[in-house]
Every structure is written in C-alpha cells, then in structure tokens.
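Undergrad: My structure file entry-v7.cif, mmCIF, C-alpha atoms, pLDDT in the B column; chains and numbers go by the auth columns, is below:
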data_coords
#
loop_
_atom_site.group_PDB
_atom_site.id
_atom_site.type_symbol
_atom_site.label_atom_id
_atom_site.label_comp_id
_atom_site.label_asym_id
_atom_site.label_seq_id
_atom_site.Cartn_x
_atom_site.Cartn_y
_atom_site.Cartn_z
_atom_site.B_iso_or_equiv
_atom_site.auth_seq_id
_atom_site.auth_asym_id
ATOM 1 C CA MET A 1 67.313 124.545 78.285 93.00 27 A
ATOM 2 C CA GLN A 2 65.443 121.455 77.112 95.00 28 A
ATOM 3 C CA ILE A 3 67.660 119.221 79.231 97.00 29 A
ATOM 4 C CA LEU A 4 66.975 121.342 82.305 97.00 30 A
ATOM 5 C CA ASP A 5 63.234 121.221 81.561 97.00 31 A
ATOM 6 C CA PHE A 6 63.458 117.431 81.269 98.00 32 A
ATOM 7 C CA LEU A 7 65.430 117.129 84.527 98.00 33 A
ATOM 8 C CA LEU A 8 62.912 119.301 86.372 98.00 34 A
ATOM 9 C CA THR A 9 60.100 117.126 85.002 98.00 35 A
ATOM 10 C CA LEU A 10 61.876 114.040 86.381 98.00 36 A
ATOM 11 C CA LEU A 11 62.383 115.788 89.721 98.00 37 A
ATOM 12 C CA HIS A 12 58.707 116.743 89.829 98.00 38 A
ATOM 13 C CA LEU A 13 57.601 113.194 89.042 98.00 39 A
ATOM 14 C CA PHE A 14 59.947 111.777 91.676 98.00 40 A
ATOM 15 C CA ILE A 15 58.687 114.183 94.359 97.00 41 A
ATOM 16 C CA ILE A 16 55.037 113.524 93.493 97.00 42 A
ATOM 17 C CA GLY A 17 55.583 109.758 93.438 97.00 43 A
ATOM 18 C CA PHE A 18 57.545 109.760 96.681 97.00 44 A
ATOM 19 C CA ASN A 19 54.983 112.031 98.350 97.00 45 A
ATOM 20 C CA LEU A 20 52.237 109.609 97.341 96.00 46 A
ATOM 21 C CA PHE A 21 53.961 106.310 98.105 96.00 47 A
ATOM 22 C CA GLY A 22 57.052 106.901 100.264 95.00 48 A
ATOM 23 C CA TRP A 23 55.104 106.120 103.438 92.00 49 A
ATOM 24 C CA ILE A 24 54.602 102.505 102.355 92.00 50 A
ATOM 25 C CA TRP A 25 58.123 101.267 103.130 92.00 51 A
ATOM 26 C CA GLN A 26 59.343 101.530 106.691 90.00 52 A
ATOM 27 C CA SER A 27 62.880 102.280 105.497 92.00 53 A
ATOM 28 C CA THR A 28 61.745 105.460 103.675 93.00 54 A
ATOM 29 C CA ARG A 29 59.202 106.790 106.188 92.00 55 A
ATOM 30 C CA LYS A 30 61.538 109.244 107.899 92.00 56 A
ATOM 31 C CA LEU A 31 62.684 110.780 104.608 94.00 57 A
ATOM 32 C CA HIS A 32 59.081 110.766 103.395 95.00 58 A
ATOM 33 C CA PHE A 33 57.972 112.587 106.547 95.00 59 A
ATOM 34 C CA TYR A 34 60.499 115.362 105.892 95.00 60 A
ATOM 35 C CA LEU A 35 59.498 115.658 102.235 97.00 61 A
ATOM 36 C CA VAL A 36 55.837 115.979 103.233 96.00 62 A
ATOM 37 C CA ILE A 37 56.782 118.738 105.701 95.00 63 A
ATOM 38 C CA ALA A 38 58.747 120.523 102.957 97.00 64 A
ATOM 39 C CA THR A 39 55.790 120.222 100.583 96.00 65 A
ATOM 40 C CA VAL A 40 53.373 121.627 103.169 95.00 66 A
ATOM 41 C CA PHE A 41 55.841 124.437 103.891 96.00 67 A
ATOM 42 C CA CYS A 42 55.997 125.402 100.219 96.00 68 A
ATOM 43 C CA TRP A 43 52.259 125.107 99.626 94.00 69 A
ATOM 44 C CA VAL A 44 51.206 126.972 102.768 93.00 70 A
ATOM 45 C CA VAL A 45 54.020 129.135 104.166 95.00 71 A
ATOM 46 C CA LEU A 46 55.553 130.197 100.845 93.00 72 A
ATOM 47 C CA GLY A 47 52.016 130.145 99.481 90.00 73 A
ATOM 48 C CA PHE A 48 51.191 133.002 101.850 93.00 74 A
ATOM 49 C CA TRP A 49 53.371 135.218 99.643 94.00 75 A
ATOM 50 C CA TYR A 50 53.186 133.489 96.258 93.00 76 A
ATOM 51 C CA GLY A 51 49.731 131.896 96.306 90.00 77 A
ATOM 52 C CA PHE A 52 48.449 128.763 98.020 90.00 78 A
ATOM 53 C CA GLY A 53 49.954 125.623 96.512 90.00 79 A
ATOM 54 C CA TYR A 54 53.161 127.400 95.494 94.00 80 A
ATOM 55 C CA CYS A 55 55.959 125.126 94.323 96.00 81 A
ATOM 56 C CA PRO A 56 59.388 126.653 93.693 96.00 82 A
ATOM 57 C CA ILE A 57 60.251 123.837 91.291 97.00 83 A
ATOM 58 C CA THR A 58 57.167 124.608 89.195 97.00 84 A
ATOM 59 C CA ASP A 59 58.101 128.286 89.272 96.00 85 A
ATOM 60 C CA TRP A 60 61.604 127.524 87.989 96.00 86 A
ATOM 61 C CA GLN A 61 60.330 125.085 85.385 97.00 87 A
ATOM 62 C CA TRP A 62 57.702 127.521 84.090 97.00 88 A
ATOM 63 C CA GLN A 63 60.436 130.144 83.635 96.00 89 A
ATOM 64 C CA ILE A 64 62.383 127.661 81.522 97.00 90 A
ATOM 65 C CA LYS A 65 59.286 126.613 79.557 97.00 91 A
ATOM 66 C CA ALA A 66 58.541 130.292 78.853 97.00 92 A
ATOM 67 C CA LYS A 67 62.067 130.696 77.450 97.00 93 A
ATOM 68 C CA LEU A 68 61.406 127.600 75.319 97.00 94 A
ATOM 69 C CA GLY A 69 58.267 129.276 73.942 96.00 95 A
ATOM 70 C CA GLU A 70 55.516 127.559 75.933 95.00 96 A
ATOM 71 C CA GLN A 71 52.649 129.841 76.872 93.00 97 A
ATOM 72 C CA ASN A 72 49.460 129.710 78.927 92.00 98 A
ATOM 73 C CA LEU A 73 50.905 127.311 81.473 95.00 99 A
ATOM 74 C CA PRO A 74 48.590 126.312 84.335 94.00 100 A
ATOM 75 C CA ASN A 75 49.482 127.067 87.942 92.00 101 A
ATOM 76 C CA SER A 76 49.943 123.370 88.660 94.00 102 A
ATOM 77 C CA PHE A 77 52.529 120.951 87.302 97.00 103 A
ATOM 78 C CA ILE A 78 50.078 118.134 88.044 96.00 104 A
ATOM 79 C CA GLU A 79 47.436 119.781 85.863 95.00 105 A
ATOM 80 C CA TYR A 80 50.016 120.365 83.132 96.00 106 A
ATOM 81 C CA MET A 81 51.064 116.697 83.109 96.00 107 A
ATOM 82 C CA ALA A 82 47.511 115.337 83.378 95.00 108 A
ATOM 83 C CA GLU A 83 46.409 117.416 80.418 94.00 109 A
ATOM 84 C CA LYS A 84 49.538 116.604 78.434 93.00 110 A
ATOM 85 C CA VAL A 85 49.129 112.851 79.001 95.00 111 A
ATOM 86 C CA THR A 86 45.367 112.732 78.373 94.00 112 A
ATOM 87 C CA GLY A 87 45.109 115.463 75.746 93.00 113 A
ATOM 88 C CA ALA A 88 42.011 116.720 77.578 92.00 114 A
ATOM 89 C CA ASP A 89 41.330 120.064 79.235 91.00 115 A
ATOM 90 C CA ILE A 90 40.769 118.668 82.724 91.00 116 A
ATOM 91 C CA GLY A 91 40.657 121.955 84.574 87.00 117 A
ATOM 92 C CA SER A 92 42.289 123.186 87.720 91.00 118 A
ATOM 93 C CA GLY A 93 39.294 122.587 90.019 93.00 119 A
ATOM 94 C CA LEU A 94 39.274 118.831 89.541 94.00 120 A
ATOM 95 C CA ILE A 95 43.063 118.545 89.626 94.00 121 A
ATOM 96 C CA ASP A 96 43.345 120.687 92.759 93.00 122 A
ATOM 97 C CA GLY A 97 40.595 118.670 94.455 95.00 123 A
ATOM 98 C CA VAL A 98 42.158 115.298 93.667 95.00 124 A
ATOM 99 C CA THR A 99 45.576 116.631 94.697 95.00 125 A
ATOM 100 C CA ALA A 100 44.245 117.972 98.008 94.00 126 A
ATOM 101 C CA VAL A 101 42.378 114.770 98.895 96.00 127 A
ATOM 102 C CA SER A 102 45.326 112.563 97.893 96.00 128 A
ATOM 103 C CA PHE A 103 47.795 114.669 99.823 95.00 129 A
ATOM 104 C CA GLY A 104 45.464 114.792 102.824 94.00 130 A
ATOM 105 C CA ILE A 105 45.389 110.995 102.914 95.00 131 A
ATOM 106 C CA VAL A 106 49.184 110.938 102.582 94.00 132 A
ATOM 107 C CA VAL A 107 49.589 113.365 105.499 93.00 133 A
ATOM 108 C CA ILE A 108 47.362 111.197 107.699 92.00 134 A
ATOM 109 C CA MET A 109 49.224 108.006 106.727 90.00 135 A
ATOM 110 C CA THR A 110 52.555 109.730 107.258 91.00 136 A
ATOM 111 C CA CYS A 111 51.665 110.986 110.733 89.00 137 A
ATOM 112 C CA VAL A 112 50.242 107.630 111.829 89.00 138 A
ATOM 113 C CA LEU A 113 53.112 105.544 110.487 87.00 139 A
ATOM 114 C CA TYR A 114 55.914 107.957 111.381 74.00 140 A
ATOM 115 C CA LYS A 115 54.974 107.632 115.052 73.00 141 A
ATOM 116 C CA LYS A 116 55.358 103.864 114.729 70.00 142 A
ATOM 117 C CA THR A 117 58.767 104.269 113.042 65.00 143 A
ATOM 118 C CA LYS A 118 60.304 106.212 115.921 59.00 144 A
#
Output the file's structure in the form of structure tokens.
TA:
Amino acid sequence: MQILDFLLTLLHLFIIGFNLFGWIWQSTRKLHFYLVIATVFCWVVLGFWYGFGYCPITDWQWQIKAKLGEQNLPNSFIEYMAEKVTGADIGSGLIDGVTAVSFGIVVIMTCVLYKKTK
C-alpha cells in the first residue's frame, strides 16, 4: 500500500507540474493541451456529481491513505502537500484560490499557444 501511495504522489506531482509548465515547450504543447482538457473535465464535469474540483487520482489516493491510517485528509492533494511541506495549516480557501488563478493562467497560455502549434 505504501508503494502505491508513493506512486500516486509521484503521478500527482507530475500532472501538476506538467499542467503548470507543459505549455512552455512547443514539443509538449499538444499533449499539454489534452491534459488540461482532461483536468477541466474531471474538475467540472465529474465535479458535477462528485463536487467541483474532483480528481479521481486524489480519490484513489485518499482511499489508500485511509487504509494506511491517515485521517482528516483535505479535499485537495495540493493543500495536503502544501501543508505537509510547510508544516502550516494553510487552509483550503487560499490553496483553492491560488490553484484556480494558476490554472486559469495555464488555460489561457495553452489556448493561445496551442493555436500557434497547429
């Protein structure tokens, strides 16, 4: 279980990093565009049923963490990691705000640059 938790953490970090920076390199823009669409789909479309910002990877990882004995997990993996790294109780409002603004900028950059890639 701990290995699976670790692998899901790596997957989360890769997705977050690629969502934030994958638009920079022309060679990764098409893949980045599709990952951004998948992220929006999860957050909004699946979020209609499971709650806005829903991430199936977080859902799976939280199930594993619960089996490993972790409790009181936040809704957001980003909040979980930020609080784990800093040791501070940052709070979901700030994390959600920074995430939304950052992702909004990424969506704009992706749309602008993807058109140039075609």
Undergrad: Enumerate, as a PDB file with C-alpha atoms, keeping the file's coordinate frame, the protein, DNA and RNA residues whose atoms approach (59.4, 127.1, 82.0) to within 12 Å, taking into account all atoms listed in the file and the coordinate frame of the file.
TA:
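Here's the written file point.pdb:
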ATOM      1  CA  MET A  27      67.313 124.545  78.285  1.00 93.00           C
ATOM      2  CA  GLN A  28      65.443 121.455  77.112  1.00 95.00           C
ATOM      3  CA  ILE A  29      67.660 119.221  79.231  1.00 97.00           C
ATOM      4  CA  LEU A  30      66.975 121.342  82.305  1.00 97.00           C
ATOM      5  CA  ASP A  31      63.234 121.221  81.561  1.00 97.00           C
ATOM      6  CA  PHE A  32      63.458 117.431  81.269  1.00 98.00           C
ATOM      7  CA  LEU A  33      65.430 117.129  84.527  1.00 98.00           C
ATOM      8  CA  LEU A  34      62.912 119.301  86.372  1.00 98.00           C
ATOM      9  CA  THR A  35      60.100 117.126  85.002  1.00 98.00           C
ATOM     10  CA  PRO A  82      59.388 126.653  93.693  1.00 96.00           C
ATOM     11  CA  ILE A  83      60.251 123.837  91.291  1.00 97.00           C
ATOM     12  CA  THR A  84      57.167 124.608  89.195  1.00 97.00           C
ATOM     13  CA  ASP A  85      58.101 128.286  89.272  1.00 96.00           C
ATOM     14  CA  TRP A  86      61.604 127.524  87.989  1.00 96.00           C
ATOM     15  CA  GLN A  87      60.330 125.085  85.385  1.00 97.00           C
ATOM     16  CA  TRP A  88      57.702 127.521  84.090  1.00 97.00           C
ATOM     17  CA  GLN A  89      60.436 130.144  83.635  1.00 96.00           C
ATOM     18  CA  ILE A  90      62.383 127.661  81.522  1.00 97.00           C
ATOM     19  CA  LYS A  91      59.286 126.613  79.557  1.00 97.00           C
ATOM     20  CA  ALA A  92      58.541 130.292  78.853  1.00 97.00           C
ATOM     21  CA  LYS A  93      62.067 130.696  77.450  1.00 97.00           C
ATOM     22  CA  LEU A  94      61.406 127.600  75.319  1.00 97.00           C
ATOM     23  CA  GLY A  95      58.267 129.276  73.942  1.00 96.00           C
ATOM     24  CA  GLU A  96      55.516 127.559  75.933  1.00 95.00           C
ATOM     25  CA  GLN A  97      52.649 129.841  76.872  1.00 93.00           C
ATOM     26  CA  ASN A  98      49.460 129.710  78.927  1.00 92.00           C
ATOM     27  CA  LEU A  99      50.905 127.311  81.473  1.00 95.00           C
ATOM     28  CA  PRO A 100      48.590 126.312  84.335  1.00 94.00           C
ATOM     29  CA  ASN A 101      49.482 127.067  87.942  1.00 92.00           C
ATOM     30  CA  PHE A 103      52.529 120.951  87.302  1.00 97.00           C
ATOM     31  CA  TYR A 106      50.016 120.365  83.132  1.00 96.00           C
TER      32      TYR A 106
END
Undergrad: Would you mind telling me which residue in A:Phe44, A:Ser53, A:Ser102, A:Val124 lies nearest to A:Phe78 when using all atoms listed in the file?
TA: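 When distances to A:Phe78 are compared using all atoms listed in the file, the smallest one comes from A:Ser102.
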Undergrad: Please measure the separation of atom CA of A:Leu46 and atom CA of A:Phe129, giving the value in Å to one decimal.
TA: 7.2 Å
Undergrad: Write out as a PDB file with C-alpha atoms, keeping the file's coordinate frame each polymer residue whose atoms come within 8 Å of A:Ser118, counting all atoms listed in the file; drop sequence neighbours fewer than 2 positions from it.
TA:
ATOM      1  CA  PRO A 100      48.590 126.312  84.335  1.00 94.00           C
ATOM      2  CA  SER A 102      49.943 123.370  88.660  1.00 94.00           C
ATOM      3  CA  GLU A 105      47.436 119.781  85.863  1.00 95.00           C
ATOM      4  CA  ILE A 116      40.769 118.668  82.724  1.00 91.00           C
ATOM      5  CA  LEU A 120      39.274 118.831  89.541  1.00 94.00           C
ATOM      6  CA  ILE A 121      43.063 118.545  89.626  1.00 94.00           C
ATOM      7  CA  ASP A 122      43.345 120.687  92.759  1.00 93.00           C
TER       8      ASP A 122
END
Undergrad: Could you state the separation of atom CA of A:His38 and atom CA of A:Tyr80 in Å, given to one decimal place?
TA: 13.3 Å
Undergrad: If you measure from atom CA of A:Tyr140 to atom CA of A:Gln52, what distance in Å do you get, rounded to one decimal?
TA: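 Atom-to-atom, atom CA of A:Tyr140 and atom CA of A:Gln52 are spaced 8.7 Å apart.
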Undergrad: At a cut-off of 10 Å, using all atoms listed in the file, what residues contact A:Ile41? Leave out same-chain residues fewer than 6 positions from it and give the result as JSON, numbers by chain.
TA: {"A": [35, 47, 48, 58, 61, 62, 65]}
Undergrad: Which one of A:Cys81, A:Val127, A:Leu39, A:Val133 sits closest to A:Ile63 if you count all atoms listed in the file?
TA: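 Closest candidate: A:Val133.
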Undergrad: For A:Gly130, which residue among A:Arg55, A:Phe67, A:Phe74, A:Asn45 is the nearest when counting only C-alpha atoms?
TA: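 Using only C-alpha atoms, A:Gly130 sits closest to A:Asn45.
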Undergrad: Given all atoms listed in the file as the basis, pick out the residue of A:Leu37, A:Gly43, A:Asp115, A:Lys56 nearest to A:Lys142.
TA: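 Among the listed residues, the smallest separation from A:Lys142 belongs to A:Lys56.
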Undergrad: What would stretch 73-97 of chain A look like with N, CA, C and O atoms in place, written as a PDB file, in the frame of the given file?
TA:
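Result written to selection32.pdb:
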ATOM      1  N   GLY A  73      53.277 129.811 100.130  1.00 90.00           N
ATOM      2  CA  GLY A  73      52.016 130.145  99.481  1.00 90.00           C
ATOM      3  C   GLY A  73      51.377 131.405 100.030  1.00 90.00           C
ATOM      4  O   GLY A  73      50.604 132.074  99.338  1.00 90.00           O
ATOM      5  N   PHE A  74      51.695 131.756 101.263  1.00 93.00           N
ATOM      6  CA  PHE A  74      51.191 133.002 101.850  1.00 93.00           C
ATOM      7  C   PHE A  74      51.632 134.195 101.007  1.00 93.00           C
ATOM      8  O   PHE A  74      50.893 135.149 100.834  1.00 93.00           O
ATOM      9  N   TRP A  75      52.845 134.130 100.467  1.00 94.00           N
ATOM     10  CA  TRP A  75      53.371 135.218  99.643  1.00 94.00           C
ATOM     11  C   TRP A  75      53.142 135.000  98.153  1.00 94.00           C
ATOM     12  O   TRP A  75      52.925 135.952  97.413  1.00 94.00           O
ATOM     13  N   TYR A  76      53.218 133.761  97.696  1.00 93.00           N
ATOM     14  CA  TYR A  76      53.186 133.489  96.258  1.00 93.00           C
ATOM     15  C   TYR A  76      51.876 132.871  95.768  1.00 93.00           C
ATOM     16  O   TYR A  76      51.718 132.654  94.573  1.00 93.00           O
ATOM     17  N   GLY A  77      50.991 132.541  96.672  1.00 90.00           N
ATOM     18  CA  GLY A  77      49.731 131.896  96.306  1.00 90.00           C
ATOM     19  C   GLY A  77      49.699 130.473  96.817  1.00 90.00           C
ATOM     20  O   GLY A  77      50.683 129.735  96.679  1.00 90.00           O
ATOM     21  N   PHE A  78      48.581 130.085  97.419  1.00 90.00           N
ATOM     22  CA  PHE A  78      48.449 128.763  98.020  1.00 90.00           C
ATOM     23  C   PHE A  78      48.771 127.685  96.995  1.00 90.00           C
ATOM     24  O   PHE A  78      48.350 127.749  95.852  1.00 90.00           O
ATOM     25  N   GLY A  79      49.546 126.700  97.409  1.00 90.00           N
ATOM     26  CA  GLY A  79      49.954 125.623  96.512  1.00 90.00           C
ATOM     27  C   GLY A  79      51.241 125.931  95.766  1.00 90.00           C
ATOM     28  O   GLY A  79      51.622 125.207  94.852  1.00 90.00           O
ATOM     29  N   TYR A  80      51.933 126.999  96.183  1.00 94.00           N
ATOM     30  CA  TYR A  80      53.161 127.400  95.494  1.00 94.00           C
ATOM     31  C   TYR A  80      54.221 126.304  95.561  1.00 94.00           C
ATOM     32  O   TYR A  80      54.455 125.690  96.592  1.00 94.00           O
ATOM     33  N   CYS A  81      54.854 126.080  94.415  1.00 96.00           N
ATOM     34  CA  CYS A  81      55.959 125.126  94.323  1.00 96.00           C
ATOM     35  C   CYS A  81      57.125 125.831  93.632  1.00 96.00           C
ATOM     36  O   CYS A  81      57.008 126.235  92.467  1.00 96.00           O
ATOM     37  N   PRO A  82      58.251 125.981  94.328  1.00 96.00           N
ATOM     38  CA  PRO A  82      59.388 126.653  93.693  1.00 96.00           C
ATOM     39  C   PRO A  82      59.905 125.911  92.467  1.00 96.00           C
ATOM     40  O   PRO A  82      60.381 126.539  91.516  1.00 96.00           O
ATOM     41  N   ILE A  83      59.782 124.599  92.451  1.00 97.00           N
ATOM     42  CA  ILE A  83      60.251 123.837  91.291  1.00 97.00           C
ATOM     43  C   ILE A  83      59.376 124.157  90.081  1.00 97.00           C
ATOM     44  O   ILE A  83      59.879 124.334  88.967  1.00 97.00           O
ATOM     45  N   THR A  84      58.069 124.233  90.287  1.00 97.00           N
ATOM     46  CA  THR A  84      57.167 124.608  89.195  1.00 97.00           C
ATOM     47  C   THR A  84      57.499 126.010  88.706  1.00 97.00           C
ATOM     48  O   THR A  84      57.554 126.257  87.503  1.00 97.00           O
ATOM     49  N   ASP A  85      57.748 126.910  89.632  1.00 96.00           N
ATOM     50  CA  ASP A  85      58.101 128.286  89.272  1.00 96.00           C
ATOM     51  C   ASP A  85      59.339 128.298  88.377  1.00 96.00           C
ATOM     52  O   ASP A  85      59.351 128.928  87.313  1.00 96.00           O
ATOM     53  N   TRP A  86      60.372 127.580  88.788  1.00 96.00           N
ATOM     54  CA  TRP A  86      61.604 127.524  87.989  1.00 96.00           C
ATOM     55  C   TRP A  86      61.336 126.872  86.633  1.00 96.00           C
ATOM     56  O   TRP A  86      61.814 127.352  85.603  1.00 96.00           O
ATOM     57  N   GLN A  87      60.580 125.789  86.644  1.00 97.00           N
ATOM     58  CA  GLN A  87      60.330 125.085  85.385  1.00 97.00           C
ATOM     59  C   GLN A  87      59.496 125.939  84.432  1.00 97.00           C
ATOM     60  O   GLN A  87      59.738 125.935  83.234  1.00 97.00           O
ATOM     61  N   TRP A  88      58.526 126.672  84.954  1.00 97.00           N
ATOM     62  CA  TRP A  88      57.702 127.521  84.090  1.00 97.00           C
ATOM     63  C   TRP A  88      58.547 128.641  83.476  1.00 97.00           C
ATOM     64  O   TRP A  88      58.307 129.038  82.341  1.00 97.00           O
ATOM     65  N   GLN A  89      59.535 129.136  84.203  1.00 96.00           N
ATOM     66  CA  GLN A  89      60.436 130.144  83.635  1.00 96.00           C
ATOM     67  C   GLN A  89      61.206 129.558  82.456  1.00 96.00           C
ATOM     68  O   GLN A  89      61.384 130.215  81.419  1.00 96.00           O
ATOM     69  N   ILE A  90      61.653 128.335  82.607  1.00 97.00           N
ATOM     70  CA  ILE A  90      62.383 127.661  81.522  1.00 97.00           C
ATOM     71  C   ILE A  90      61.452 127.388  80.347  1.00 97.00           C
ATOM     72  O   ILE A  90      61.801 127.631  79.189  1.00 97.00           O
ATOM     73  N   LYS A  91      60.247 126.894  80.623  1.00 97.00           N
ATOM     74  CA  LYS A  91      59.286 126.613  79.557  1.00 97.00           C
ATOM     75  C   LYS A  91      58.927 127.894  78.805  1.00 97.00           C
ATOM     76  O   LYS A  91      58.769 127.864  77.584  1.00 97.00           O
ATOM     77  N   ALA A  92      58.822 129.010  79.505  1.00 97.00           N
ATOM     78  CA  ALA A  92      58.541 130.292  78.853  1.00 97.00           C
ATOM     79  C   ALA A  92      59.676 130.657  77.898  1.00 97.00           C
ATOM     80  O   ALA A  92      59.427 131.111  76.774  1.00 97.00           O
ATOM     81  N   LYS A  93      60.919 130.431  78.316  1.00 97.00           N
ATOM     82  CA  LYS A  93      62.067 130.696  77.450  1.00 97.00           C
ATOM     83  C   LYS A  93      62.081 129.757  76.242  1.00 97.00           C
ATOM     84  O   LYS A  93      62.595 130.107  75.187  1.00 97.00           O
ATOM     85  N   LEU A  94      61.501 128.561  76.421  1.00 97.00           N
ATOM     86  CA  LEU A  94      61.406 127.600  75.319  1.00 97.00           C
ATOM     87  C   LEU A  94      60.184 127.871  74.427  1.00 97.00           C
ATOM     88  O   LEU A  94      59.975 127.155  73.458  1.00 97.00           O
ATOM     89  N   GLY A  95      59.393 128.872  74.789  1.00 96.00           N
ATOM     90  CA  GLY A  95      58.267 129.276  73.942  1.00 96.00           C
ATOM     91  C   GLY A  95      56.901 128.771  74.381  1.00 96.00           C
ATOM     92  O   GLY A  95      55.907 129.049  73.717  1.00 96.00           O
ATOM     93  N   GLU A  96      56.829 128.026  75.466  1.00 95.00           N
ATOM     94  CA  GLU A  96      55.516 127.559  75.933  1.00 95.00           C
ATOM     95  C   GLU A  96      54.777 128.717  76.597  1.00 95.00           C
ATOM     96  O   GLU A  96      55.364 129.515  77.316  1.00 95.00           O
ATOM     97  N   GLN A  97      53.484 128.772  76.327  1.00 93.00           N
ATOM     98  CA  GLN A  97      52.649 129.841  76.872  1.00 93.00           C
ATOM     99  C   GLN A  97      51.413 129.247  77.525  1.00 93.00           C
ATOM    100  O   GLN A  97      51.090 128.078  77.336  1.00 93.00           O
TER     101      GLN A  97
END
